[in-house]
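Pasting structure28.cif here (mmCIF, C-alpha atoms):
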```cif
data_data
loop_
_atom_site.label_atom_id
_atom_site.label_comp_id
_atom_site.auth_asym_id
_atom_site.auth_seq_id
_atom_site.Cartn_x
_atom_site.Cartn_y
_atom_site.Cartn_z
CA MET A 66 0.00 0.00 0.00
CA PHE A 67 2.69 2.49 1.06
CA LYS A 68 5.46 1.23 -1.23
CA PRO A 69 4.22 3.06 -4.33
CA LEU A 70 3.58 6.22 -2.28
CA LEU A 71 7.00 6.16 -0.58
CA THR A 72 8.76 5.45 -3.87
CA ARG A 73 6.85 8.23 -5.64
CA PHE A 74 7.73 10.61 -2.81
CA PHE A 75 11.46 9.80 -3.10
CA GLN A 76 11.36 10.14 -6.89
CA THR A 77 9.79 13.59 -6.53
CA ILE A 78 12.32 14.72 -3.93
CA PHE A 79 15.28 13.37 -5.93
CA SER A 80 14.10 15.11 -9.08
CA GLN A 81 14.45 18.38 -7.09
CA ASN A 82 17.86 17.39 -5.66
CA LYS A 83 19.81 16.17 -8.67
CA TRP A 84 23.14 16.43 -6.78
CA ALA A 85 22.05 13.41 -4.70
CA TYR A 86 22.12 10.96 -7.66
CA VAL A 87 25.91 11.26 -7.90
CA HIS A 88 26.41 10.27 -4.25
CA LEU A 89 24.18 7.19 -4.36
CA ALA A 90 24.70 5.88 -7.91
CA PRO A 91 27.94 4.01 -6.93
CA HIS A 92 25.83 2.01 -4.43
CA CYS A 93 23.11 1.00 -6.91
CA GLY A 94 21.35 -2.28 -6.15
CA LYS A 95 22.17 -2.10 -2.44
CA ASN A 96 19.51 -2.18 0.27
CA ILE A 97 19.26 -0.18 3.48
CA LEU A 98 17.18 -0.81 6.57
CA LEU A 99 16.13 2.46 8.22
CA THR A 100 14.89 1.95 11.79
CA VAL A 101 13.10 4.84 13.45
CA SER A 102 12.12 3.66 16.95
CA SER A 103 10.12 0.47 16.19
CA LEU A 104 9.26 1.49 12.63
CA GLU A 105 11.30 -0.26 9.92
CA ILE A 106 11.65 1.15 6.42
CA ARG A 107 13.46 -0.82 3.72
CA LEU A 108 15.01 1.23 0.96
CA THR A 109 16.85 0.28 -2.18
CA ILE A 110 19.17 2.35 -4.35
CA LEU A 111 18.20 2.29 -8.01
CA GLU A 112 20.47 2.24 -11.04
CA ASP A 113 20.10 5.99 -11.59
CA GLY A 114 21.10 6.72 -7.96
CA SER A 115 17.60 7.51 -6.70
CA LEU A 116 15.81 5.77 -3.85
CA ALA A 117 12.82 3.44 -3.84
CA SER A 118 11.16 1.30 -1.21
CA GLY A 119 12.84 -2.10 -0.85
CA GLY A 120 11.30 -5.45 -1.82
CA GLU A 121 9.98 -8.15 0.50
CA THR A 122 13.12 -10.27 0.35
CA ALA A 123 15.73 -7.52 0.23
CA GLU A 124 18.62 -8.25 2.63
CA PRO A 125 19.94 -4.96 4.03
CA ASP A 126 23.57 -4.10 3.22
CA ALA A 127 23.51 -1.38 5.86
CA THR A 128 21.32 -0.43 8.80
CA ILE A 129 20.62 3.07 10.06
CA SER A 130 18.98 3.28 13.50
CA ILE A 131 17.50 6.59 14.65
CA PRO A 132 16.11 6.82 18.21
CA LEU A 133 12.73 8.54 18.43
CA ASN A 134 13.99 11.63 20.30
CA THR A 135 16.76 12.04 17.70
CA THR A 136 14.11 12.17 14.98
CA PHE A 137 12.68 15.32 16.53
CA LYS A 138 16.19 16.80 16.75
CA LEU A 139 16.74 15.98 13.07
CA LEU A 140 13.48 17.67 12.15
CA ALA A 141 14.55 20.71 14.16
CA LYS A 142 17.95 20.63 12.32
CA ASP A 143 19.81 20.16 15.60
CA PRO A 144 23.49 19.45 14.68
CA SER A 145 23.95 17.21 17.76
CA ALA A 146 21.45 14.71 16.28
CA SER A 147 23.91 13.23 13.76
CA SER A 148 26.12 11.85 16.55
CA GLU A 149 23.16 9.89 17.95
CA ILE A 150 22.42 8.02 14.69
CA GLN A 151 23.74 4.43 14.76
CA LEU A 152 25.19 2.95 11.56
CA SER A 153 26.05 -0.69 10.95
CA GLY A 154 26.91 -2.96 8.00
CA ASP A 155 28.38 -1.17 4.97
CA THR A 156 29.28 2.04 6.80
CA GLN A 157 30.38 3.87 3.64
CA LEU A 158 26.92 3.26 2.15
CA ALA A 159 25.14 4.22 5.38
CA SER A 160 27.28 7.32 5.75
CA ASP A 161 26.65 8.44 2.13
CA LEU A 162 22.93 7.83 2.52
CA GLY A 163 22.87 9.67 5.85
CA LYS A 164 24.53 12.69 4.24
CA VAL A 165 22.07 12.64 1.34
CA LEU A 166 18.99 12.23 3.56
CA SER A 167 20.03 15.03 5.90
CA ASN A 168 20.61 17.44 3.01
CA LEU A 169 17.58 16.64 0.85
CA ASN A 170 15.34 19.63 0.43
CA TRP A 171 11.69 19.36 -0.58
CA ASP A 172 10.43 22.32 -2.58
CA ILE A 173 6.75 21.92 -1.66
CA GLU A 174 5.80 25.13 -3.45
CA GLU A 175 7.13 23.74 -6.75
CA ASP A 176 5.07 20.54 -6.46
CA LEU A 177 1.96 22.32 -5.26
CA SER A 178 2.17 24.84 -8.11
CA LYS A 179 1.80 21.99 -10.64
CA VAL A 180 -1.58 21.12 -9.14
CA ILE A 181 -3.11 24.45 -8.15
CA GLY A 182 -0.97 27.04 -9.95
CA ASP A 183 1.88 29.33 -8.89
CA VAL A 184 0.00 32.06 -7.00
CA PRO A 185 -2.20 29.86 -4.76
CA ALA A 186 0.80 27.58 -4.12
CA ASN A 187 2.92 30.54 -3.02
CA MET A 188 0.12 31.83 -0.76
CA ILE A 189 -0.43 28.43 0.86
CA VAL A 190 3.29 27.84 1.46
CA GLU A 191 3.77 31.36 2.88
CA PHE A 192 0.78 30.82 5.16
CA GLY A 193 2.23 27.44 6.18
CA ARG A 194 5.59 29.07 6.99
CA LYS A 195 3.94 31.75 9.12
CA VAL A 196 1.84 29.17 10.98
CA SER A 197 4.92 27.00 11.52
CA LYS A 198 6.96 29.96 12.81
CA GLU A 199 4.12 31.11 15.08
CA THR A 200 3.56 27.56 16.33
CA LYS A 201 7.26 27.12 17.12
CA SER A 202 7.31 30.44 19.00
CA LYS A 203 4.06 29.62 20.85
CA ILE A 204 5.30 26.15 21.81
CA SER A 205 8.54 27.70 23.09
CA ASN A 206 6.61 30.31 25.15
CA ILE A 207 4.21 27.74 26.57
CA THR A 208 7.08 25.42 27.48
CA ASP A 209 8.89 28.28 29.30
CA MET A 210 5.74 29.28 31.14
CA LEU A 211 4.98 25.72 32.19
CA ALA A 212 8.57 25.21 33.39
CA GLU A 213 8.39 28.42 35.43
CA TYR A 214 5.02 27.48 36.94
CA LEU A 215 6.24 24.01 37.93
CA GLN A 216 9.42 25.45 39.46
CA GLU A 217 8.05 28.55 41.21
CA GLU A 218 4.28 28.40 41.77
CA TYR A 219 3.69 24.67 42.07
CA PRO A 220 7.18 23.31 42.63
CA LEU A 221 6.98 19.85 41.14
CA VAL A 222 10.20 20.36 39.21
CA ALA A 223 13.32 21.40 41.13
CA LYS A 224 15.65 24.12 39.86
CA LYS A 225 19.21 23.15 39.05
CA ARG A 226 20.77 25.35 41.72
CA ASN A 227 18.43 23.86 44.37
CA VAL A 228 19.33 20.34 43.26
CA ASP A 229 23.06 21.24 43.47
CA ALA A 230 22.60 22.73 46.95
CA PHE A 231 20.67 19.65 48.02
CA ASN A 232 23.47 17.39 46.72
CA ILE A 233 26.10 19.41 48.64
CA ASN A 234 24.01 19.21 51.85
CA VAL A 235 23.62 15.47 51.40
CA ASP A 236 27.43 15.15 51.05
CA ILE A 237 27.96 17.22 54.21
CA LEU A 238 25.39 15.17 56.10
CA ARG A 239 26.98 11.92 54.93
CA ASN A 240 30.42 13.09 56.11
CA ASP A 241 28.97 14.22 59.48
CA VAL A 242 27.26 10.87 59.96
CA GLU A 243 30.51 9.04 59.17
CA ARG A 244 32.40 11.21 61.69
CA LEU A 245 29.69 10.64 64.31
CA GLU A 246 29.80 6.90 63.69
CA LYS A 247 33.59 6.84 64.24
CA ARG A 248 33.28 8.98 67.38
CA LEU A 249 30.59 6.64 68.75
CA SER A 250 32.77 3.58 68.10
CA LYS A 251 35.68 5.26 69.88
CA ILE A 252 33.47 6.13 72.88
CA SER A 253 32.05 2.58 72.92
CA ALA A 254 35.57 1.14 72.91
CA HIS A 255 36.61 3.53 75.68
CA VAL A 256 33.53 2.62 77.79
CA ALA A 257 34.27 -1.08 77.32
CA ASP A 258 37.91 -0.57 78.49
CA MET A 259 36.73 1.38 81.56
CA THR A 260 34.19 -1.31 82.44
CA ASP A 261 36.88 -4.01 82.24
CA LEU A 262 39.15 -1.93 84.51
CA VAL A 263 36.41 -1.43 87.14
CA ILE A 264 35.63 -5.19 87.16
CA LYS A 265 39.33 -6.06 87.56
CA LYS A 266 39.69 -3.56 90.48
CA LYS A 267 36.61 -5.05 92.22
CA ASN A 268 38.08 -8.56 91.93
CA VAL A 269 41.36 -7.36 93.41
CA MET B 280 2.70 -41.57 -32.36
CA THR B 281 3.58 -39.48 -29.34
CA GLU B 282 0.95 -37.66 -27.34
CA SER B 283 1.51 -33.88 -27.35
CA SER B 284 2.39 -32.26 -23.98
CA LYS B 285 -0.35 -30.69 -21.93
CA THR B 286 -0.53 -27.25 -20.33
CA HIS B 287 -3.18 -25.32 -18.46
CA PHE B 288 -5.63 -22.86 -19.90
CA GLY B 289 -7.30 -21.53 -16.78
CA PHE B 290 -8.43 -24.66 -14.93
CA GLN B 291 -8.59 -26.72 -18.15
CA SER B 292 -5.78 -28.93 -19.37
CA ILE B 293 -5.15 -28.49 -23.10
CA ASP B 294 -2.50 -29.41 -25.68
CA GLU B 295 0.48 -27.07 -25.48
CA ASP B 296 0.23 -26.09 -29.13
CA LYS B 297 -3.38 -24.92 -28.59
CA LYS B 298 -2.68 -22.49 -25.70
CA ALA B 299 -1.36 -19.54 -27.72
CA GLU B 300 -4.34 -19.78 -30.05
CA LYS B 301 -6.87 -19.92 -27.19
CA VAL B 302 -5.19 -17.05 -25.29
CA GLY B 303 -5.19 -15.15 -28.60
CA GLU B 304 -8.97 -15.61 -28.87
CA VAL B 305 -9.43 -14.22 -25.35
CA PHE B 306 -7.43 -11.09 -26.12
CA HIS B 307 -8.99 -10.57 -29.57
CA SER B 308 -12.27 -10.57 -27.70
CA VAL B 309 -11.32 -8.11 -24.94
CA ALA B 310 -8.90 -5.82 -26.85
CA LYS B 311 -11.30 -2.91 -27.43
CA LYS B 312 -12.46 -2.73 -23.82
CA TYR B 313 -9.20 -3.91 -22.18
CA ASP B 314 -8.30 -0.64 -20.42
CA LEU B 315 -11.88 0.10 -19.38
CA MET B 316 -12.13 -3.36 -17.82
CA ASN B 317 -8.75 -2.96 -16.11
CA ASP B 318 -9.95 0.30 -14.56
CA ILE B 319 -13.21 -1.24 -13.40
CA MET B 320 -11.69 -4.47 -12.08
CA SER B 321 -8.78 -2.86 -10.22
CA LEU B 322 -10.59 0.38 -9.31
CA GLY B 323 -7.88 2.19 -11.25
CA LEU B 324 -5.09 0.65 -9.17
CA HIS B 325 -3.41 -0.89 -12.24
CA ARG B 326 -2.20 2.60 -13.11
CA THR B 327 -0.52 2.95 -9.69
CA TRP B 328 1.08 -0.50 -10.07
CA LYS B 329 2.45 0.39 -13.51
CA GLN B 330 3.75 3.74 -12.26
CA PHE B 331 5.42 1.91 -9.37
CA ALA B 332 7.04 -0.51 -11.82
CA LEU B 333 8.41 2.45 -13.75
CA ASN B 334 9.66 4.07 -10.53
CA VAL B 335 11.59 1.01 -9.34
CA SER B 336 12.92 0.15 -12.81
CA GLY B 337 15.85 2.55 -12.46
CA VAL B 338 15.38 3.41 -16.16
CA LYS B 339 17.01 6.69 -17.10
CA LYS B 340 17.39 8.92 -20.15
CA GLY B 341 18.92 7.17 -23.14
CA ASP B 342 18.10 3.61 -21.98
CA HIS B 343 16.76 0.81 -24.19
CA VAL B 344 13.53 -0.73 -22.89
CA LEU B 345 11.52 -3.72 -24.14
CA ASP B 346 7.83 -3.88 -23.26
CA ILE B 347 6.69 -7.50 -23.72
CA ALA B 348 2.97 -8.29 -23.92
CA GLY B 349 2.59 -4.53 -23.86
CA GLY B 350 -0.93 -4.70 -25.29
CA SER B 351 -2.62 -1.37 -24.98
CA GLY B 352 0.73 0.44 -24.68
CA ASP B 353 0.26 2.31 -21.40
CA LEU B 354 3.62 1.16 -19.99
CA SER B 355 5.42 1.89 -23.25
CA LYS B 356 4.12 5.45 -23.09
CA LEU B 357 5.41 5.87 -19.52
CA PHE B 358 8.82 4.41 -20.40
CA ALA B 359 9.07 6.44 -23.64
CA LYS B 360 8.67 9.66 -21.65
CA ARG B 361 11.31 8.48 -19.15
CA VAL B 362 14.02 7.47 -21.70
CA GLY B 363 13.62 10.66 -23.73
CA GLU B 364 14.62 11.26 -27.34
CA ASN B 365 17.93 9.41 -27.10
CA GLY B 366 16.40 6.28 -25.62
CA LYS B 367 14.37 3.52 -27.28
CA VAL B 368 11.25 1.68 -26.22
CA PHE B 369 9.90 -1.31 -28.19
CA LEU B 370 6.25 -2.22 -27.74
CA THR B 371 5.66 -5.91 -28.47
CA ASP B 372 2.76 -8.34 -28.15
CA ILE B 373 1.88 -11.69 -29.69
CA ASN B 374 -1.68 -10.58 -30.24
CA ALA B 375 -2.39 -8.37 -33.28
CA SER B 376 -5.66 -6.95 -31.93
CA MET B 377 -4.09 -5.79 -28.67
CA LEU B 378 -1.06 -4.46 -30.50
CA ALA B 379 -3.27 -2.45 -32.88
CA VAL B 380 -4.91 -0.76 -29.88
CA GLY B 381 -1.50 -0.04 -28.35
CA ARG B 382 -0.01 1.25 -31.62
CA ASP B 383 -2.92 3.70 -32.11
CA ARG B 384 -2.64 4.99 -28.54
CA VAL B 385 1.12 5.49 -28.77
CA ILE B 386 0.73 7.40 -32.04
CA ASP B 387 -2.11 9.48 -30.55
CA SER B 388 0.22 10.42 -27.67
CA GLY B 389 2.74 11.80 -30.17
CA LEU B 390 5.43 9.30 -29.19
CA SER B 391 7.80 7.47 -31.49
CA VAL B 392 7.69 3.84 -30.34
CA PRO B 393 8.40 0.90 -32.67
CA VAL B 394 5.61 -1.68 -32.46
CA ILE B 395 6.47 -5.32 -33.16
CA GLN B 396 4.27 -8.42 -33.17
CA CYS B 397 6.35 -11.25 -31.75
CA ASP B 398 6.38 -14.27 -29.47
CA ALA B 399 8.12 -13.69 -26.12
CA GLU B 400 9.57 -17.20 -26.37
CA LYS B 401 11.43 -16.23 -29.58
CA LEU B 402 12.37 -12.58 -29.25
CA PRO B 403 13.67 -11.00 -32.49
CA PHE B 404 16.37 -8.94 -30.75
CA PRO B 405 20.14 -9.37 -30.39
CA ASN B 406 21.86 -10.49 -27.19
CA ASP B 407 22.73 -7.93 -24.49
CA TYR B 408 20.67 -5.13 -26.03
CA PHE B 409 18.20 -3.81 -23.41
CA ASP B 410 18.72 -2.00 -20.09
CA CYS B 411 15.28 -3.05 -18.94
CA VAL B 412 12.73 -5.65 -20.03
CA MET B 413 9.20 -5.29 -18.70
CA VAL B 414 6.33 -7.75 -18.84
CA ALA B 415 3.10 -6.65 -17.20
CA PHE B 416 0.20 -9.07 -16.84
CA GLY B 417 1.54 -11.19 -19.68
CA LEU B 418 3.75 -13.94 -18.27
CA ARG B 419 0.87 -16.06 -16.99
CA ASN B 420 -0.51 -16.37 -20.54
CA MET B 421 2.76 -17.73 -21.95
CA THR B 422 2.89 -21.45 -22.69
CA HIS B 423 6.56 -21.99 -21.78
CA LYS B 424 7.32 -19.44 -19.07
CA GLU B 425 10.85 -20.80 -18.48
CA THR B 426 11.72 -20.37 -22.18
CA ALA B 427 10.32 -16.83 -22.18
CA LEU B 428 12.37 -15.94 -19.08
CA LEU B 429 15.53 -17.33 -20.72
CA GLU B 430 14.84 -15.17 -23.79
CA MET B 431 14.32 -12.08 -21.65
CA ASN B 432 17.62 -12.80 -19.92
CA ARG B 433 19.37 -13.20 -23.28
CA VAL B 434 18.31 -9.80 -24.65
CA LEU B 435 19.23 -7.94 -21.44
CA LYS B 436 22.61 -6.24 -21.10
CA PRO B 437 24.73 -7.24 -18.10
CA GLY B 438 23.41 -5.02 -15.31
CA GLY B 439 20.01 -4.93 -17.01
CA ARG B 440 16.78 -5.59 -15.14
CA LEU B 441 13.73 -7.74 -15.82
CA LEU B 442 10.50 -6.49 -14.25
CA VAL B 443 7.55 -8.87 -14.06
CA LEU B 444 4.27 -7.34 -12.91
CA GLU B 445 1.73 -10.10 -12.46
CA PHE B 446 -1.19 -11.29 -10.35
CA SER B 447 0.07 -13.38 -7.47
CA GLU B 448 -0.84 -15.07 -4.21
CA VAL B 449 -2.97 -12.85 -2.02
CA TRP B 450 -2.42 -12.45 1.73
CA LYS B 451 -3.99 -15.52 3.43
CA PRO B 452 -6.70 -13.75 5.53
CA LEU B 453 -8.07 -12.16 2.35
CA THR B 454 -8.20 -15.39 0.31
CA LYS B 455 -11.95 -16.06 0.80
CA LEU B 456 -12.90 -12.51 -0.09
CA TYR B 457 -10.61 -12.54 -3.12
CA ASP B 458 -12.11 -15.86 -4.31
CA VAL B 459 -15.62 -14.43 -4.18
CA TYR B 460 -14.43 -11.36 -6.09
CA SER B 461 -12.55 -13.38 -8.71
CA PHE B 462 -15.04 -16.16 -9.40
CA LYS B 463 -18.36 -14.41 -8.83
CA LEU B 464 -17.91 -10.68 -9.43
CA LEU B 465 -15.23 -10.68 -12.14
CA PRO B 466 -17.14 -12.82 -14.70
CA LEU B 467 -20.29 -10.83 -13.90
CA MET B 468 -18.49 -7.54 -14.56
CA GLY B 469 -17.12 -9.04 -17.79
CA LYS B 470 -20.66 -9.89 -18.85
CA VAL B 471 -22.10 -6.47 -17.95
CA PHE B 472 -19.33 -4.17 -19.23
CA ALA B 473 -17.66 -6.15 -22.02
CA ASN B 474 -20.38 -8.70 -22.86
CA ASP B 475 -17.75 -11.43 -22.45
CA GLN B 476 -18.14 -13.59 -19.36
CA ASP B 477 -15.87 -16.43 -20.53
CA SER B 478 -12.76 -14.29 -21.00
CA TYR B 479 -13.02 -12.94 -17.47
CA GLN B 480 -13.68 -16.42 -16.10
CA TYR B 481 -10.38 -17.40 -17.82
CA LEU B 482 -8.67 -14.39 -16.20
CA ALA B 483 -9.73 -15.51 -12.71
CA GLU B 484 -8.66 -19.11 -13.38
CA SER B 485 -5.34 -18.19 -14.98
CA ILE B 486 -4.43 -16.06 -11.94
CA ARG B 487 -4.87 -19.09 -9.67
CA MET B 488 -2.72 -21.26 -11.95
CA HIS B 489 0.12 -18.72 -12.08
CA PRO B 490 3.19 -19.37 -9.87
CA ASN B 491 3.17 -17.57 -6.52
CA GLN B 492 5.79 -14.99 -5.44
CA GLU B 493 8.48 -17.42 -4.25
CA THR B 494 7.99 -19.88 -7.14
CA LEU B 495 8.33 -17.13 -9.74
CA LYS B 496 11.39 -15.80 -7.91
CA ASN B 497 13.01 -19.26 -8.14
CA MET B 498 12.03 -19.56 -11.82
CA MET B 499 13.79 -16.26 -12.52
CA LEU B 500 16.88 -17.37 -10.61
CA SER B 501 16.87 -20.62 -12.64
CA ALA B 502 16.63 -18.59 -15.85
CA GLY B 503 19.99 -17.01 -14.99
CA PHE B 504 19.05 -13.85 -13.12
CA HIS B 505 21.66 -13.14 -10.47
CA LYS B 506 19.48 -11.52 -7.87
CA VAL B 507 15.69 -11.44 -7.67
CA ASP B 508 13.51 -9.43 -5.32
CA TYR B 509 9.78 -8.89 -5.28
CA TYR B 510 7.24 -6.37 -4.01
CA ASN B 511 3.75 -7.36 -2.90
CA LEU B 512 1.22 -4.78 -4.00
CA ALA B 513 -2.36 -4.61 -2.69
CA ALA B 514 -1.69 -7.42 -0.17
CA GLY B 515 -0.20 -9.71 -2.82
CA VAL B 516 -3.05 -9.42 -5.34
CA VAL B 517 -0.24 -8.28 -7.62
CA ALA B 518 3.51 -8.75 -7.23
CA LEU B 519 6.33 -6.96 -8.99
CA HIS B 520 9.43 -9.14 -9.43
CA LYS B 521 12.74 -7.48 -10.26
CA GLY B 522 15.69 -9.57 -11.42
CA TRP B 523 19.19 -8.43 -12.37
CA LYS B 524 21.36 -9.92 -15.08
CA ILE B 525 25.04 -9.88 -14.21
#
```
Spit out the file's structure as structure tokens when you get a sec.
Amino acid sequence: MFKPLLTRFFQTIFSQNKWAYVHLAPHCGKNILLTVSSLEIRLTILEDGSLASGGETAEPDATISIPLNTTFKLLAKDPSASSEIQLSGDTQLASDLGKVLSNLNWDIEEDLSKVIGDVPANMIVEFGRKVSKETKSKISNITDMLAEYLQEEYPLVAKKRNVDAFNINVDILRNDVERLEKRLSKISAHVADMTDLVIKKKNV
Amino acid sequence: MTESSKTHFGFQSIDEDKKAEKVGEVFHSVAKKYDLMNDIMSLGLHRTWKQFALNVSGVKKGDHVLDIAGGSGDLSKLFAKRVGENGKVFLTDINASMLAVGRDRVIDSGLSVPVIQCDAEKLPFPNDYFDCVMVAFGLRNMTHKETALLEMNRVLKPGGRLLVLEFSEVWKPLTKLYDVYSFKLLPLMGKVFANDQDSYQYLAESIRMHPNQETLKNMMLSAGFHKVDYYNLAAGVVALHKGWKI
């Protein structure tokens, strides 16, 4: 069901990113297993260097595993995300594919303009950009507000400096307890010696 | 006197030398309404399957492509646009009526595609000539499938691909539903829309007699293809096999 859609999507994206063919063409015929959390996507590199969904019996030459939280970082173009992606198998292939996937750019306006014309496509994409920007800013504001509320008004989440102070106090307390324990053992030993001495004197 | 070998024609067993003639009669009968019936029977999905075949073919500008059993020419048109002016696409079919429909449609589309009537078991092309050979919904009608696959392998260049788009074994939980559709609804639709119940009864029967995904994969490997992979489409109602010649 999704194979034709996924393949069509890749063909469309690759037709807008012709530079990518050159990077993948040397790996033609090879298969890649892309794992995003528990979702598995099989991809195959075609003879022209573009990507298509892989067949039922395709054995992966390389595996790319992306944890779910890293996916969000990738979508947000966070540079730290690339270090969290795990590659195995043919690492040259996985590395080349990783580079291509992270640099692919989808010109939605171009595709939309073929269906509804240039002007409406431009208006829709501009509107989408504004909504996306506003949403990002709103989400950021709401997150900050929520964090502040949970730290100040309804302190379910501790502040870092409070946690650090707590840790220091715990260390001090632990050291005090250890010192007290040693002092008590010394006193106990001293009391035991004194008791022995008193008993000996009584016997004499 | 030796008894001639038998083959299947739907659920019937007939002499091998009669199969091509009987299949020919079926396609002479359905040629005019072939695309309309395909649209009705598959709810238009056959277009998606053919587009998918084109997308996974890896065919690029300047390539040579052979469309076997190309019939009404819809795949040839797609491939002709993909290979561009420097490429070549040959539309072939054993059946003159189907080929006439395909030839007219290709010409009407303003494309230059050579149209050749030939038997897939004796292809009139040199060795190592094509980058891609495509057979869509045609292999199951061939009398000697192994011979046809060997021929397809012969005409492919090293590195070339054979794509076989064909009805296949449906996902088990859907078997009952698919049987009702194939043996009750399909002949009825044939009667209503094309006034030809028998041809569509043959279609349903021939699908059941066709090798399943794994068997066809092994047949392609035996025919000399180095690597074979397949895609199940619409829960296995149709499968696209892709084999590479090395």
Could you list the residues chosen by the PyMOL selection byres ((chain B) within 12 of (chain A)) in this structure as a ChimeraX atom specification? /B:324-342,361-362,410-411,438-440,492-493,496,505-525
Interatomic distance (Å, one decimal) between atom CA of A:Gln157 and atom CA of A:Asp126: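 Result for atom CA of A:Gln157 versus atom CA of A:Asp126: 10.5 Å, one decimal.
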Enter the distance from atom CA of B:Leu370 to atom CA of B:Thr494, in Å, rounded to one decimal.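 So the answer is 27.2 Å.
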To one decimal place in Å, what is the distance between atom CA of A:Ala90 and atom CA of A:Arg107? 17.5 Å
Could you tell me which residues the PyMOL selection byres ((chain B and resi 422) around 10) returns for this structure, as a list in words?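 Given this file, the PyMOL selection byres ((chain B and resi 422) around 10) evaluates to Lys285, Thr286, His287, Phe288, Glu295, Asp296, Lys297, Lys298, Ala299, Val302, Ala399, Glu400, Leu418, Arg419, Asn420, Met421, His423, Lys424, Glu425, Thr426 and Ala427 of chain B.
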Hey, what's within 9 Å of B:Phe416 if we count all atoms listed in the file and toss same-chain stuff fewer than 6 positions away? As a list in words, please? Ala348, Gly349, Val443, Leu444, Glu445 and Phe446 of chain B
Expected selection from the PyMOL selection byres ((chain B and resi 319) around 12), given as a ChimeraX atom specification: /B:312-318,320-326,464-465,467-469,471-473
